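Enquirer: Okay, handing you the structure first.
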Amino acid sequence: MSTLLSETKGTRANVTALMVALLAACVAFQLNASMLSPALVTMGNELQTDQAVIGLSQTWFFTAAALFSLFLPRLSDIIGRKKILIGMMLLMAIGSVIAAMAPDVTWLFVGRIIQGVSGPTVPLCLIMLRSAVSNPRQYGTLMGLITAVNGGVAGVDSFVGGYFAENFGFRSIFWLMVVLALVATALIALLAGESKPAAGTTMDWLGVFFIVIAVGALLTALNEGSKLVGAFSAGTLMLAIGLIVVAAAAFFAFWTVEKRAKEPMVETIHLRQRSTWAPLLTTTLTMTGIFAVINGIVPAYVQAAAPGFGLGPTEMSLIILTPYALLGWAVGPVSGRLAPVLGYTKVLRIGMVGSIAALAIIAFFGLSSLPMMIAGTALLGIMYAGTVNIMLNGLGVVLSPHGNPGFLPGMNAGAFNLGAGLSFLVLPAILVATSALGDAKASYLTVVVTGLAITAAAFAASLLIPKPVEAEVAK
């Protein structure tokens with residue numbers, strides 16, 4: 001009995017140590033991704049460039065994050081997950097040093113792209129947790145805690161970034177990132193165990209090349225397409241179309257290579273299965289319907305003097321974005337705990353229905369009433385940030401093929417980024433197009449209702465996702 005108790009205590013201690021390391025990595029990545037948002041104006045002023053150029057540094061960071069997410073989880077299966085995660089944290093630190101010392105915006109771009117190597121931090125942490133925790137209930141709770149970080153570090157990340165930028169300049173934010181990345185590196189090295197289930201397998205670098213070209217071209221096409229929202233340009237349109245053609249050709253080449261490779265990055269039979277394309281489709285549609293609404297449309301409306309409520313950016317953050325992030329942080333572990341008991345897909349669909357209700361409140365009541373707008377975004381924090389986001393990340397792990405556990409989490413990370421890009425292409429375009437009719441409030445209503453309709457389509461896609469039976473508790 002005493003031996004069993006000591007083993008149980010040892011296991012708990014190991015899991016606790018692992019969680020400390022994984023949370024440190026996730027917090028470092030999330031702050032790396034979100035802490036710069038309130039400092040973009042300061043960065044433009046200090047580097048003597050305009051906001052459009054500074055905004056591109058963010059675009060390239062997230063593009064790089066999406067591309068590295070496609071293959072680093074698979075590479076980690078082969079050469080070691082701990083090794084890859086440590087490498088990602090070190091490169092994050094190096095990129096932060098380059099950005100902190102950047103003499104001009106070009107070096108800022110270089111630093112941000114190198115930081116983007118850390119893109120698959122959250123899915124890789126979930127994979128490592130999955131290999132260390134066999135109890136479905138415990139895994140669900142801890143998964144929710146890790147994934148909740150991905151929605152924002154309890155809403156304080158933007159305030160910390162704003163404070164540092166205002167008082168010490170934007171470079172101080174990057175130096176803080178260096179410290180956080182090095183702390184995370186040390187904790188992972190000391191507390192995390194190594195695992196490499198596909199050791200001895202050859203990495204399919206040709207397949208990696210074509211899938212990176214395909215997704216990179218598509219994301220760049222979306223970025224170019226978003227420029228058409230402000231001003232039409234035939235050259236920009238042709239470039240966007242050309243990039244889409246390149247993306248299609250590269251994906252066809254990827255499919256061909258995977259069918260012929262002896263040790264493919266992913267077997268094409270897996271790409272045909274509902275357990276692969278249904279969660280990827282659901283993730284893309286969900287992000288398209290919700291991401292720009294909460295991160296762009298609603299903040300812009302609340303700050304607009306007319307037809308909005310004329311709030312300042314700080315006040316808007318306090319009553320809209322911070323409650324949204326805090327509630328997502330608080331609810332994430334709860335939804336993760338419920339997932340193996342009620343079912344991952346059932347909890348996902350509950351969150352989807354709640355997100356649709358939240359968007360309906362924002363569209364039909366929130367545009368006329370600030371309290372109702374606050375209520376709608378708070379509900380979205382619970383149902384999307386604290387439930388749907390957690391389940392979509394979790395399903396990417398628990399539905400991944402046994403022989404290739406890093407495949408689906410990486411592709412799902414790409415789907416998150418693709419959906420975010422589509423969201424900021426489609427919804428602002430609708431806002432600009434309908435604004436020409438002269439009724440600004442009706443334009444915002446149309447945009448949010450469009451987001452609601454896309455989210456409803458995401459709910460329909462979620463009905464096709466199979467149950468991850470092995471990750472759930474038998475009833």
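By order in the structure tokens, chains are A, B, ...; within a chain, residues start at 1; ligands start at 1, following the order shown.
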Could you give me, as a PyMOL selection string, each residue of region 110-301 of chain A that DSSP assigns to alpha helix (DSSP H) when run on this structure's backbone?

Expert: chain A and resi 110-115+121-132+136-149+157-168+171-191+205-230+234-260+268-272+274-292+298-301

Enquirer: Name the residues in contact with region 392-395 of chain A at a cut-off of 10 Å, using only C-alpha atoms, excluding same-chain residues fewer than 3 positions from it; report them as a PyMOL selection string.

Expert: chain A and resi 122-123+126-127+130+139-140+143-144+147+150+275-276+279-280+282-283+286+336+339+344-345+348+387-389+398-400+408-409+412-413+416+462+465-468+471

Enquirer: Those selected residues, please, written with N, CA and C atoms and delivered as a CSV table (one decimal), in the first residue's frame.

Expert:
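The result, stored in out_12.csv:
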```
chain,number,residue,atom,x,y,z
A,122,VAL,N,1.2,25.8,-28.2
A,122,VAL,CA,0.1,25.2,-27.5
A,122,VAL,C,-0.2,23.8,-27.9
A,123,PRO,N,-0.3,23.5,-29.2
A,123,PRO,CA,-0.6,22.1,-29.6
A,123,PRO,C,0.5,21.2,-29.2
A,126,LEU,N,0.0,20.4,-25.6
A,126,LEU,CA,-1.1,19.4,-25.4
A,126,LEU,C,-0.7,18.0,-25.7
A,127,ILE,N,0.1,17.9,-26.7
A,127,ILE,CA,0.6,16.5,-27.1
A,127,ILE,C,1.5,16.0,-26.0
A,130,ARG,N,-0.7,14.9,-23.1
A,130,ARG,CA,-1.4,13.7,-23.5
A,130,ARG,C,-0.6,12.5,-23.3
A,139,TYR,N,-6.7,14.7,-17.7
A,139,TYR,CA,-6.2,15.3,-18.9
A,139,TYR,C,-7.1,16.4,-19.4
A,140,GLY,N,-8.5,16.2,-19.3
A,140,GLY,CA,-9.4,17.2,-19.8
A,140,GLY,C,-9.3,18.5,-19.0
A,143,MET,N,-5.9,20.1,-19.9
A,143,MET,CA,-6.0,20.6,-21.2
A,143,MET,C,-6.7,22.0,-21.3
A,144,GLY,N,-7.8,22.0,-20.5
A,144,GLY,CA,-8.6,23.3,-20.5
A,144,GLY,C,-7.7,24.4,-19.9
A,147,THR,N,-5.0,25.4,-22.6
A,147,THR,CA,-5.6,26.0,-23.8
A,147,THR,C,-6.3,27.4,-23.5
A,150,ASN,N,-4.4,30.4,-24.3
A,150,ASN,CA,-4.4,30.8,-25.7
A,150,ASN,C,-5.4,31.9,-26.0
A,275,SER,N,-12.5,12.3,-39.2
A,275,SER,CA,-11.8,12.7,-37.9
A,275,SER,C,-10.7,13.7,-38.3
A,276,THR,N,-10.4,13.9,-39.6
A,276,THR,CA,-9.4,14.9,-40.0
A,276,THR,C,-10.1,16.1,-40.5
A,279,PRO,N,-13.0,18.3,-38.1
A,279,PRO,CA,-12.6,19.3,-37.1
A,279,PRO,C,-11.8,20.5,-37.8
A,280,LEU,N,-11.1,20.2,-38.9
A,280,LEU,CA,-10.4,21.3,-39.6
A,280,LEU,C,-11.4,22.3,-40.2
A,282,THR,N,-14.5,22.7,-39.1
A,282,THR,CA,-15.2,23.4,-38.0
A,282,THR,C,-14.4,24.5,-37.5
A,283,THR,N,-13.1,24.3,-37.3
A,283,THR,CA,-12.1,25.3,-36.8
A,283,THR,C,-12.1,26.5,-37.7
A,286,THR,N,-15.5,28.4,-37.6
A,286,THR,CA,-15.7,29.1,-36.3
A,286,THR,C,-14.8,30.3,-36.2
A,336,GLY,N,-12.9,21.7,-20.0
A,336,GLY,CA,-12.0,20.6,-20.2
A,336,GLY,C,-12.3,19.5,-19.3
A,339,ALA,N,-15.4,17.6,-20.7
A,339,ALA,CA,-15.3,17.0,-22.0
A,339,ALA,C,-15.3,15.5,-22.0
A,344,TYR,N,-16.5,15.2,-25.8
A,344,TYR,CA,-15.9,16.4,-26.4
A,344,TYR,C,-16.8,17.0,-27.4
A,345,THR,N,-17.4,16.2,-28.3
A,345,THR,CA,-18.3,16.8,-29.3
A,345,THR,C,-19.5,17.5,-28.7
A,348,LEU,N,-18.5,20.8,-27.2
A,348,LEU,CA,-18.2,21.7,-28.3
A,348,LEU,C,-19.5,22.3,-28.9
A,387,THR,N,-15.0,27.6,-24.1
A,387,THR,CA,-15.5,26.3,-24.4
A,387,THR,C,-15.1,25.8,-25.8
A,388,VAL,N,-15.6,26.5,-26.8
A,388,VAL,CA,-15.3,26.1,-28.2
A,388,VAL,C,-13.8,26.0,-28.5
A,389,ASN,N,-13.1,27.1,-28.1
A,389,ASN,CA,-11.7,27.1,-28.4
A,389,ASN,C,-11.0,26.0,-27.7
A,398,VAL,N,-6.8,14.6,-29.5
A,398,VAL,CA,-7.4,13.3,-29.2
A,398,VAL,C,-7.9,12.5,-30.5
A,399,LEU,N,-8.1,13.3,-31.6
A,399,LEU,CA,-8.5,12.6,-32.8
A,399,LEU,C,-7.3,12.3,-33.8
A,400,SER,N,-6.1,12.7,-33.4
A,400,SER,CA,-5.0,12.5,-34.3
A,400,SER,C,-4.7,11.0,-34.4
A,408,LEU,N,-2.4,16.1,-36.8
A,408,LEU,CA,-3.7,16.9,-36.7
A,408,LEU,C,-3.6,18.1,-35.9
A,409,PRO,N,-2.9,18.1,-34.7
A,409,PRO,CA,-2.7,19.3,-34.0
A,409,PRO,C,-2.0,20.4,-34.8
A,412,ASN,N,-4.5,21.6,-37.4
A,412,ASN,CA,-5.5,22.4,-36.7
A,412,ASN,C,-5.0,23.8,-36.4
A,413,ALA,N,-3.8,23.9,-36.0
A,413,ALA,CA,-3.2,25.2,-35.7
A,413,ALA,C,-3.2,26.1,-37.0
A,416,PHE,N,-6.7,27.4,-37.5
A,416,PHE,CA,-7.0,28.5,-36.7
A,416,PHE,C,-6.5,29.8,-37.4
A,462,SER,N,-19.7,20.8,-37.2
A,462,SER,CA,-19.3,20.1,-35.9
A,462,SER,C,-20.1,18.8,-35.7
A,465,ILE,N,-18.1,15.7,-36.8
A,465,ILE,CA,-16.9,15.3,-36.1
A,465,ILE,C,-17.2,14.0,-35.3
A,466,PRO,N,-16.5,12.9,-35.5
A,466,PRO,CA,-16.7,11.7,-34.7
A,466,PRO,C,-16.3,11.8,-33.2
A,467,LYS,N,-16.9,11.0,-32.4
A,467,LYS,CA,-16.5,11.0,-31.0
A,467,LYS,C,-15.2,10.4,-30.7
A,468,PRO,N,-14.3,11.1,-30.0
A,468,PRO,CA,-13.0,10.5,-29.6
A,468,PRO,C,-13.2,9.6,-28.4
A,471,ALA,N,-10.7,8.9,-25.5
A,471,ALA,CA,-10.4,10.0,-24.6
A,471,ALA,C,-11.5,10.4,-23.7
```

Enquirer: What is the CA of Leu370 (chain A) to CA of Gly419 (chain A) distance in Å?

Expert: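 Those two atoms sit 28.0 Å apart.
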
Enquirer: Can you work out which one of A:Thr185, A:Leu75, A:Leu190, A:Glu267 has the shortest atom-to-atom distance to Ala17 (chain A), counting only C-alpha atoms?

Expert: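 Of A:Thr185, A:Leu75, A:Leu190, A:Glu267, the one nearest Ala17 (chain A) is A:Leu190, counting only C-alpha atoms.
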
Enquirer: In Å, with one decimal, what is the gap from CA of Trp329 (chain A) to CA of Gly80 (chain A)?

Expert: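 These two atoms are separated by 29.5 Å.
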
Enquirer: Which residues of region 204-231 of chain A come within 12 Å of region 249-257 of chain A, and what is each one's closest atom pair and distance in Å (one decimal), counting only C-alpha atoms, sorted by chain and residue number, as a tab-separated table?

Expert:
```
residue	atom	partner	partner_atom	distance
A:Asp204	CA	A:Val257	CA	9.2
A:Trp205	CA	A:Val257	CA	10.3
A:Leu206	CA	A:Val257	CA	7.4
A:Gly207	CA	A:Phe254	CA	5.4
A:Val208	CA	A:Phe254	CA	8.0
A:Phe209	CA	A:Phe254	CA	8.2
A:Phe210	CA	A:Phe254	CA	5.1
A:Ile211	CA	A:Phe254	CA	5.9
A:Val212	CA	A:Ala250	CA	8.6
A:Ile213	CA	A:Ala250	CA	6.2
A:Ala214	CA	A:Ala250	CA	4.9
A:Val215	CA	A:Phe251	CA	8.2
A:Gly216	CA	A:Ala250	CA	10.0
A:Ala217	CA	A:Ala250	CA	8.9
A:Leu218	CA	A:Ala250	CA	10.2
```

Enquirer: Only N, CA and C atoms, please: the residues just picked out, written as an mmCIF file, in the first residue's frame.

Expert:
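Just written: out32.cif:
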```cif
data_model
loop_
_atom_site.group_PDB
_atom_site.id
_atom_site.type_symbol
_atom_site.label_atom_id
_atom_site.label_comp_id
_atom_site.auth_asym_id
_atom_site.auth_seq_id
_atom_site.Cartn_x
_atom_site.Cartn_y
_atom_site.Cartn_z
ATOM 1 N N ASP A 204 9.500 13.649 -43.787
ATOM 2 C CA ASP A 204 9.104 13.845 -45.186
ATOM 3 C C ASP A 204 9.256 15.327 -45.551
ATOM 4 N N TRP A 205 10.493 15.752 -45.821
ATOM 5 C CA TRP A 205 10.751 17.172 -46.058
ATOM 6 C C TRP A 205 10.169 17.674 -47.372
ATOM 7 N N LEU A 206 10.027 16.798 -48.365
ATOM 8 C CA LEU A 206 9.410 17.227 -49.627
ATOM 9 C C LEU A 206 7.932 17.538 -49.401
ATOM 10 N N GLY A 207 7.272 16.684 -48.631
ATOM 11 C CA GLY A 207 5.880 16.956 -48.285
ATOM 12 C C GLY A 207 5.747 18.242 -47.488
ATOM 13 N N VAL A 208 6.675 18.466 -46.539
ATOM 14 C CA VAL A 208 6.686 19.704 -45.751
ATOM 15 C C VAL A 208 6.801 20.913 -46.668
ATOM 16 N N PHE A 209 7.727 20.834 -47.651
ATOM 17 C CA PHE A 209 7.943 21.949 -48.571
ATOM 18 C C PHE A 209 6.643 22.333 -49.283
ATOM 19 N N PHE A 210 5.939 21.348 -49.825
ATOM 20 C CA PHE A 210 4.738 21.665 -50.607
ATOM 21 C C PHE A 210 3.577 22.154 -49.733
ATOM 22 N N ILE A 211 3.404 21.585 -48.539
ATOM 23 C CA ILE A 211 2.295 22.038 -47.694
ATOM 24 C C ILE A 211 2.574 23.441 -47.147
ATOM 25 N N VAL A 212 3.846 23.745 -46.870
ATOM 26 C CA VAL A 212 4.196 25.101 -46.418
ATOM 27 C C VAL A 212 3.969 26.111 -47.541
ATOM 28 N N ILE A 213 4.350 25.749 -48.771
ATOM 29 C CA ILE A 213 4.103 26.638 -49.911
ATOM 30 C C ILE A 213 2.606 26.850 -50.095
ATOM 31 N N ALA A 214 1.818 25.772 -49.990
ATOM 32 C CA ALA A 214 0.373 25.855 -50.192
ATOM 33 C C ALA A 214 -0.282 26.787 -49.167
ATOM 34 N N VAL A 215 -0.017 26.548 -47.889
ATOM 35 C CA VAL A 215 -0.637 27.351 -46.840
ATOM 36 C C VAL A 215 -0.075 28.771 -46.829
ATOM 37 N N GLY A 216 1.243 28.906 -47.055
ATOM 38 C CA GLY A 216 1.854 30.236 -47.094
ATOM 39 C C GLY A 216 1.275 31.086 -48.215
ATOM 40 N N ALA A 217 1.113 30.499 -49.393
ATOM 41 C CA ALA A 217 0.541 31.236 -50.521
ATOM 42 C C ALA A 217 -0.907 31.625 -50.237
ATOM 43 N N LEU A 218 -1.659 30.712 -49.604
ATOM 44 C CA LEU A 218 -3.057 31.009 -49.303
ATOM 45 C C LEU A 218 -3.177 32.129 -48.270
#
```

Enquirer: In Å to one decimal, how far is CA of Gly396 (chain A) from CA of Ala460 (chain A)?

Expert: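 That distance, rounded to one decimal, is 17.9 Å.
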
Enquirer: Within 8 Å of Gly289 (chain A), counting only C-alpha atoms, which residues show up once you throw out same-chain ones fewer than 3 positions away? Write them as a list in words, please.

Expert: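 With the cut-off at 8 Å, the set is Leu285, Thr286, Ala292, Val293, Ser423, Thr450, Gly451, Leu452, Ala453, Ile454 and Thr455 of chain A.
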
Enquirer: Would you pick out the contacts of Leu72 (chain A) at 8 Å or less, using only C-alpha atoms, so that residues sharing its chain but fewer than 2 positions from it are not included, and give the list as a PDB file with C-alpha atoms, in the first residue's frame?

Expert:
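Now in part11.pdb:
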```pdb
ATOM      1  CA  PHE A  68       5.889  26.239 -38.519  1.00  0.00           C
ATOM      2  CA  SER A  69       2.800  24.769 -36.849  1.00  0.00           C
ATOM      3  CA  LEU A  70       2.237  22.577 -39.892  1.00  0.00           C
ATOM      4  CA  ARG A  74       5.362  15.983 -36.560  1.00  0.00           C
ATOM      5  CA  LEU A  75       9.114  16.626 -36.365  1.00  0.00           C
ATOM      6  CA  SER A  76       8.842  16.527 -32.568  1.00  0.00           C
ATOM      7  CA  ILE A  84      11.680  20.874 -30.175  1.00  0.00           C
ATOM      8  CA  PRO A 120       2.887  25.432 -32.375  1.00  0.00           C
ATOM      9  CA  GLY A 410      -0.346  21.010 -36.448  1.00  0.00           C
TER      10      GLY A 410
END
```
